[in-house]
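Trainee: Got a structure here, written out as structure tokens. Questions coming.
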Amino acid sequence: MAVVLLLVVGGGVFAAQKAFGSDCEDPATYSLAADPAIAGVIQQVVDDTSAEDLGCATVEVTATDSGTASAAVSMGSDAPSLWIPDSALWVGKAVRATGSLVDVASQSVASSPAVIAARKDEVPFFDSWLTALQLKSLRIGNPLTNTISDAAILGALSEAGSDADAVDSVSAALVPIAQAQAATRGEADPAVRLQEMVDDGGVSVVSEQSYLDFQQSTGAELGLTTPPTGSFFLNFPLAVTEQADDRVEGAKAAGLAVAEALASETGLQALSDVGFRAPDGTPLSDGRGVGDIEALTIADQQTAEETLRRYQVLALPSRTLVMEDVSGSMGYSAGADTRIGLTVQASDTGNALFPNNAALGLWAFSVGLGGGDQDYRELVPIRRLDEDVNGTSQRDLLLQATRTLPGLVGGGTGLYDTALAAFRQVKEGYDPDYINSVIILTDGSNEDPGSISLDELLSTLRAEQDPSKPVVIVTIGITDDADAGVLQQISAATGGTSFLARNPAEIPNVFVNALKSRAGR
């Protein structure tokens with residue numbers, strides 16, 4: 001599933017550590033970030049393994065969400081020495097974010113298939129994962145952050161293969177699920193999904209392991225099934241993510257030792273006791289779980305990623321900071337009105353298109369507008385459109401502030417400092433339940449001689465972008481006076497898009513389309 005490189009540490013070094021383990025008086029310490037579902041049993045196995053058998057090392061295990069650990073690895077800050085996410089999908093994301101291969105000590109230390117759980121006497125039959133996705137009472141959690149919640153979608157895509165019509169059917173089935181996502185945030189926790197299912201009925205997609213854990217801890221009478229086509233498996237790889245050059249070889253040896261301990265008879269039994277299958281997917285003993293099922297695989301990883309991005313587009317409302325250029329040129333005539341006048345009209349139209357759960361804010365910018373060296377002024381902070389502010393809704397506050405823009409026109413275009421400040425502002429208040437973005441509308445190019453350079457802006461945006469908390473910049477050029485090439489570069493640095501209204505008549509439509517623009521993680 002991921003583009004990874006399996007590097008096997010030379011047997012000589014590792015064998016020597018094993019042979020002379022009794023002389024291990026000063027073991028090195030390595031951190032291991034494990035997905036919370038498996039962290040407990042990893043800790044148990046590591047605690048039962050001596051420093052000598054860990055390659056003269058001690059391993060400190062922390063329960064860390066796979067997405068959080070993926071971001072740390074991608075950013076290169078506070079990355080663990082070793083990492084066990086719940087799926088190789090996360091390793092693939094880290095590889096694409098860094099452009100570097102990730103060493104893997106084990107392609108899989110355990111596995112667990114996605115299953116469909118229901119009350120014991122209410123287990124339905126599904127002929128496919130697509131059929132399951134179309135059930136109105138389905139609870140899958142949050143596919144934006146939770147791999148097991150992706151499993152139903154990935155299972156349906158596996159069934160679809162390369163059939164474009166079948167892939168489109170999967171996308172269509174996701175629309176009602178995504179539209180209901182805002183009301184089901186808590187369902188990201190499989191225990192919450194299962195408990196709500198017990199209380200209210202319906203079906204839930206969880207891992208076999210989380211199903212067994214819930215059943216054991218609550219005593220609930222549950223049933224489970226999978227479609228006859230098979231299921232997507234979580235595979236829990238063990239990656240070596242140590243950043244310090246002088247510790248990489250030691251981390252590899254420790255990773256291999258942990259993998260060896262987990263693959264031992266004792267390790268496999270410990271995993272089985274808490275509901276995990278062996279890496280090969282062999283059914284659990286004593287009739288536990290769903291039994292023997294086929295493992296579904298994704299034929300086209302790019303199609304899967306695009307489908308999940310489209311889900312995000314459907315599921316998340318906008319949290320957007322709109323940046324309006326009020327430099328002198330925005331007062332130029334544009335047909336029967338001015339550029340800024342047409343922009344105000346477009347803003348009014350765009351305001352009406354957003355649902356109440358969208359969150360918008362407004363800044364104006366021109367050189368020195370904010371006083372001193374500051375080129376921007378906050379007119380309205382980011383809030384939900386239905387929030388009441390001293391008796392006035394946020395939506396009305398934005399309308400009122402937008403209509404004051406013509407009175408602010410003057411000065412040069414302070415683009416670069418403003419773009420960076422807006423990016424940081426949105427990032428600081430990042431909300432995972434929204435698509436977080438900045439929209440910049442301008443008719444010129446940077447005219448602030450004291451600002452950062454374009455190269456500094458682009459490199460800073462790339463360095464400060466967090467793959468797990470992305471903020472995208474959407475740019476809109478007004479007429480050919482705008483520096484379209486520069487605007488494109490600014491957007492591209494954050495994964496955003498750029499638009500150009502070549503004549504005044506296009507401003508309203510282009511602005512509204514940009515306001516509605518979405519970008520995936």
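Labels for the structure tokens follow display order: chains A, B, ..., residues from 1 in each chain, ligands from 1.
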Just asking: which residues within range 129-164 of chain A are alpha helix (DSSP H) according to DSSP, as a PDB file with C-alpha atoms, in the first residue's frame?
Mentor:
```
ATOM      1  CA  TRP A 129     -19.045  -3.209   0.849  1.00  0.00           C
ATOM      2  CA  LEU A 130     -20.831  -0.893  -1.571  1.00  0.00           C
ATOM      3  CA  THR A 131     -24.152  -2.272  -0.337  1.00  0.00           C
ATOM      4  CA  ALA A 132     -23.028  -1.673   3.241  1.00  0.00           C
ATOM      5  CA  LEU A 133     -22.123   1.944   2.452  1.00  0.00           C
ATOM      6  CA  THR A 147      -8.079   4.266   9.149  1.00  0.00           C
ATOM      7  CA  ILE A 148     -10.676   1.708  10.189  1.00  0.00           C
ATOM      8  CA  SER A 149     -13.316   4.208   9.108  1.00  0.00           C
ATOM      9  CA  ASP A 150     -11.612   4.285   5.711  1.00  0.00           C
ATOM     10  CA  ALA A 151     -11.909   0.510   5.558  1.00  0.00           C
ATOM     11  CA  ALA A 152     -15.492   0.358   4.295  1.00  0.00           C
ATOM     12  CA  ILE A 153     -14.657   2.833   1.532  1.00  0.00           C
ATOM     13  CA  LEU A 154     -11.415   1.043   0.651  1.00  0.00           C
ATOM     14  CA  GLY A 155     -13.252  -2.273   0.631  1.00  0.00           C
ATOM     15  CA  ALA A 156     -15.799  -0.910  -1.851  1.00  0.00           C
ATOM     16  CA  LEU A 157     -13.014   0.521  -4.024  1.00  0.00           C
ATOM     17  CA  SER A 158     -11.239  -2.839  -3.949  1.00  0.00           C
ATOM     18  CA  GLU A 159     -14.425  -4.463  -5.219  1.00  0.00           C
ATOM     19  CA  ALA A 160     -14.724  -1.810  -7.936  1.00  0.00           C
ATOM     20  CA  ALA A 164     -14.810   3.608 -13.649  1.00  0.00           C
TER      21      ALA A 164
END
```
Trainee: Env of Gln215 in chain A: 12 Å cut, atoms = only C-alpha atoms, seq-sep filter 2 positions within chain, self excluded. Answer as a PyMOL selection string.
Mentor: chain A and resi 117-120+190-191+194-195+198+208-213+217-224+274-275+288-289
Trainee: Go ahead and write the selection's residues with N, CA and C atoms as a compact mmCIF listing (two decimals), in the first residue's frame.
Mentor:
```
# COMPACT_ATOMS: atom_id res chain seq x y z
N ALA A 117 -20.53 -4.79 12.58
CA ALA A 117 -21.13 -5.28 13.83
C ALA A 117 -22.57 -4.79 13.96
N ALA A 118 -23.39 -5.60 14.61
CA ALA A 118 -24.79 -5.26 14.87
C ALA A 118 -25.22 -5.97 16.14
N ARG A 119 -26.41 -5.65 16.62
CA ARG A 119 -26.96 -6.42 17.72
C ARG A 119 -27.06 -7.88 17.29
N LYS A 120 -26.93 -8.78 18.24
CA LYS A 120 -26.76 -10.19 17.92
C LYS A 120 -27.83 -10.74 16.99
N PRO A 190 -14.19 3.77 17.98
CA PRO A 190 -15.02 2.59 17.70
C PRO A 190 -15.89 2.18 18.87
N ALA A 191 -15.41 2.41 20.10
CA ALA A 191 -16.23 2.05 21.26
C ALA A 191 -17.50 2.89 21.31
N LEU A 194 -19.91 1.49 18.67
CA LEU A 194 -20.51 0.25 19.11
C LEU A 194 -21.55 0.48 20.20
N GLN A 195 -21.26 1.38 21.12
CA GLN A 195 -22.21 1.65 22.19
C GLN A 195 -23.49 2.28 21.63
N VAL A 198 -25.48 -0.41 20.11
CA VAL A 198 -26.17 -1.21 21.13
C VAL A 198 -27.41 -0.47 21.62
N GLU A 208 -12.01 -6.03 13.84
CA GLU A 208 -12.34 -7.24 14.59
C GLU A 208 -11.80 -7.13 16.01
N GLN A 209 -10.60 -6.58 16.15
CA GLN A 209 -9.98 -6.46 17.47
C GLN A 209 -10.78 -5.53 18.38
N SER A 210 -11.22 -4.38 17.86
CA SER A 210 -11.98 -3.44 18.70
C SER A 210 -13.35 -4.01 19.04
N TYR A 211 -13.92 -4.78 18.13
CA TYR A 211 -15.18 -5.48 18.41
C TYR A 211 -15.02 -6.44 19.58
N LEU A 212 -13.96 -7.27 19.54
CA LEU A 212 -13.74 -8.24 20.61
C LEU A 212 -13.43 -7.55 21.93
N ASP A 213 -12.65 -6.48 21.87
CA ASP A 213 -12.31 -5.73 23.07
C ASP A 213 -13.57 -5.14 23.71
N SER A 217 -15.17 -6.13 27.36
CA SER A 217 -15.21 -5.13 28.43
C SER A 217 -16.63 -4.78 28.86
N THR A 218 -17.61 -4.96 27.97
CA THR A 218 -18.99 -4.58 28.30
C THR A 218 -19.93 -5.75 28.48
N GLY A 219 -19.56 -6.91 27.94
CA GLY A 219 -20.43 -8.06 28.00
C GLY A 219 -21.62 -7.98 27.05
N ALA A 220 -21.58 -7.01 26.12
CA ALA A 220 -22.69 -6.82 25.20
C ALA A 220 -22.83 -8.03 24.27
N GLU A 221 -24.07 -8.38 23.94
CA GLU A 221 -24.34 -9.48 23.01
C GLU A 221 -24.37 -8.92 21.59
N LEU A 222 -23.30 -9.16 20.85
CA LEU A 222 -23.18 -8.59 19.52
C LEU A 222 -22.97 -9.68 18.48
N GLY A 223 -23.24 -9.34 17.24
CA GLY A 223 -22.94 -10.22 16.12
C GLY A 223 -22.11 -9.46 15.11
N LEU A 224 -21.41 -10.17 14.26
CA LEU A 224 -20.59 -9.49 13.26
C LEU A 224 -20.58 -10.28 11.96
N VAL A 274 -5.47 -10.37 23.01
CA VAL A 274 -6.24 -9.12 23.00
C VAL A 274 -6.95 -8.90 21.67
N GLY A 275 -7.01 -9.95 20.83
CA GLY A 275 -7.85 -9.89 19.64
C GLY A 275 -7.18 -9.58 18.33
N ARG A 288 -13.22 -17.16 17.86
CA ARG A 288 -13.41 -15.72 18.06
C ARG A 288 -13.38 -14.99 16.72
N GLY A 289 -14.12 -13.90 16.66
CA GLY A 289 -14.06 -13.05 15.48
C GLY A 289 -14.88 -13.57 14.32
```
Trainee: Taking 2 positions as the minimum chain separation for residues in the same chain, which residues sit within 8 Å of Asn235 in chain A when counting only C-alpha atoms? Answer as an mmCIF file with N, CA and C atoms, in the first residue's frame.
Mentor:
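This is the output file out-v6.cif:
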```cif
data_model
loop_
_atom_site.group_PDB
_atom_site.id
_atom_site.type_symbol
_atom_site.label_atom_id
_atom_site.label_comp_id
_atom_site.auth_asym_id
_atom_site.auth_seq_id
_atom_site.Cartn_x
_atom_site.Cartn_y
_atom_site.Cartn_z
ATOM 1 N N ASP A 86 -1.544 2.052 12.464
ATOM 2 C CA ASP A 86 -2.484 0.955 12.270
ATOM 3 C C ASP A 86 -2.536 0.467 10.828
ATOM 4 N N SER A 87 -1.907 1.201 9.922
ATOM 5 C CA SER A 87 -1.937 0.801 8.520
ATOM 6 C C SER A 87 -0.735 1.364 7.785
ATOM 7 N N ALA A 88 -0.298 0.643 6.753
ATOM 8 C CA ALA A 88 0.784 1.130 5.900
ATOM 9 C C ALA A 88 0.377 2.378 5.136
ATOM 10 N N GLN A 107 6.968 -5.429 7.825
ATOM 11 C CA GLN A 107 5.828 -4.968 7.036
ATOM 12 C C GLN A 107 4.529 -5.092 7.826
ATOM 13 N N SER A 108 4.505 -5.984 8.817
ATOM 14 C CA SER A 108 3.307 -6.154 9.640
ATOM 15 C C SER A 108 3.667 -6.931 10.895
ATOM 16 N N VAL A 109 3.281 -6.396 12.056
ATOM 17 C CA VAL A 109 3.492 -7.126 13.307
ATOM 18 C C VAL A 109 2.189 -7.761 13.792
ATOM 19 N N ALA A 110 1.066 -7.346 13.198
ATOM 20 C CA ALA A 110 -0.245 -7.895 13.570
ATOM 21 C C ALA A 110 -1.228 -7.460 12.500
ATOM 22 N N SER A 111 -2.422 -8.006 12.551
ATOM 23 C CA SER A 111 -3.444 -7.599 11.583
ATOM 24 C C SER A 111 -4.818 -7.707 12.220
ATOM 25 N N SER A 112 -5.766 -6.999 11.622
ATOM 26 C CA SER A 112 -7.152 -7.088 12.075
ATOM 27 C C SER A 112 -8.051 -6.610 10.941
ATOM 28 N N PHE A 233 -7.787 -5.135 5.626
ATOM 29 C CA PHE A 233 -7.107 -5.438 6.884
ATOM 30 C C PHE A 233 -6.225 -4.277 7.337
ATOM 31 N N PRO A 237 2.372 -1.947 10.428
ATOM 32 C CA PRO A 237 3.806 -2.085 10.115
ATOM 33 C C PRO A 237 4.661 -1.462 11.215
ATOM 34 N N PRO A 279 0.309 -11.529 11.415
ATOM 35 C CA PRO A 279 0.430 -10.744 10.187
ATOM 36 C C PRO A 279 -0.180 -11.405 8.952
#
```
Trainee: Measuring between only C-alpha atoms, which one of A:Val472, A:Leu500, A:Val426, A:Ala359 shows the shortest distance to Gly444 in chain A?
Mentor: A:Leu500
Trainee: Find, counting only C-alpha atoms, the residue in A:Gly230, A:Gly141, A:Gly410, A:Gly255 that gets nearest to Pro80 in chain A.
Mentor: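 The closest residue to Pro80 in chain A is A:Gly255.
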Trainee: In range 144-286 of chain A, what's strand (DSSP E) per DSSP? Answer as a list in words?
Mentor: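 Matching residues, listed in order: Val203, Ser204, Val205, Val206, Ser207, Leu222, Gly223, Leu224, Thr225, Phe233, Leu234, Leu238, Ala239 and Val240 of chain A.
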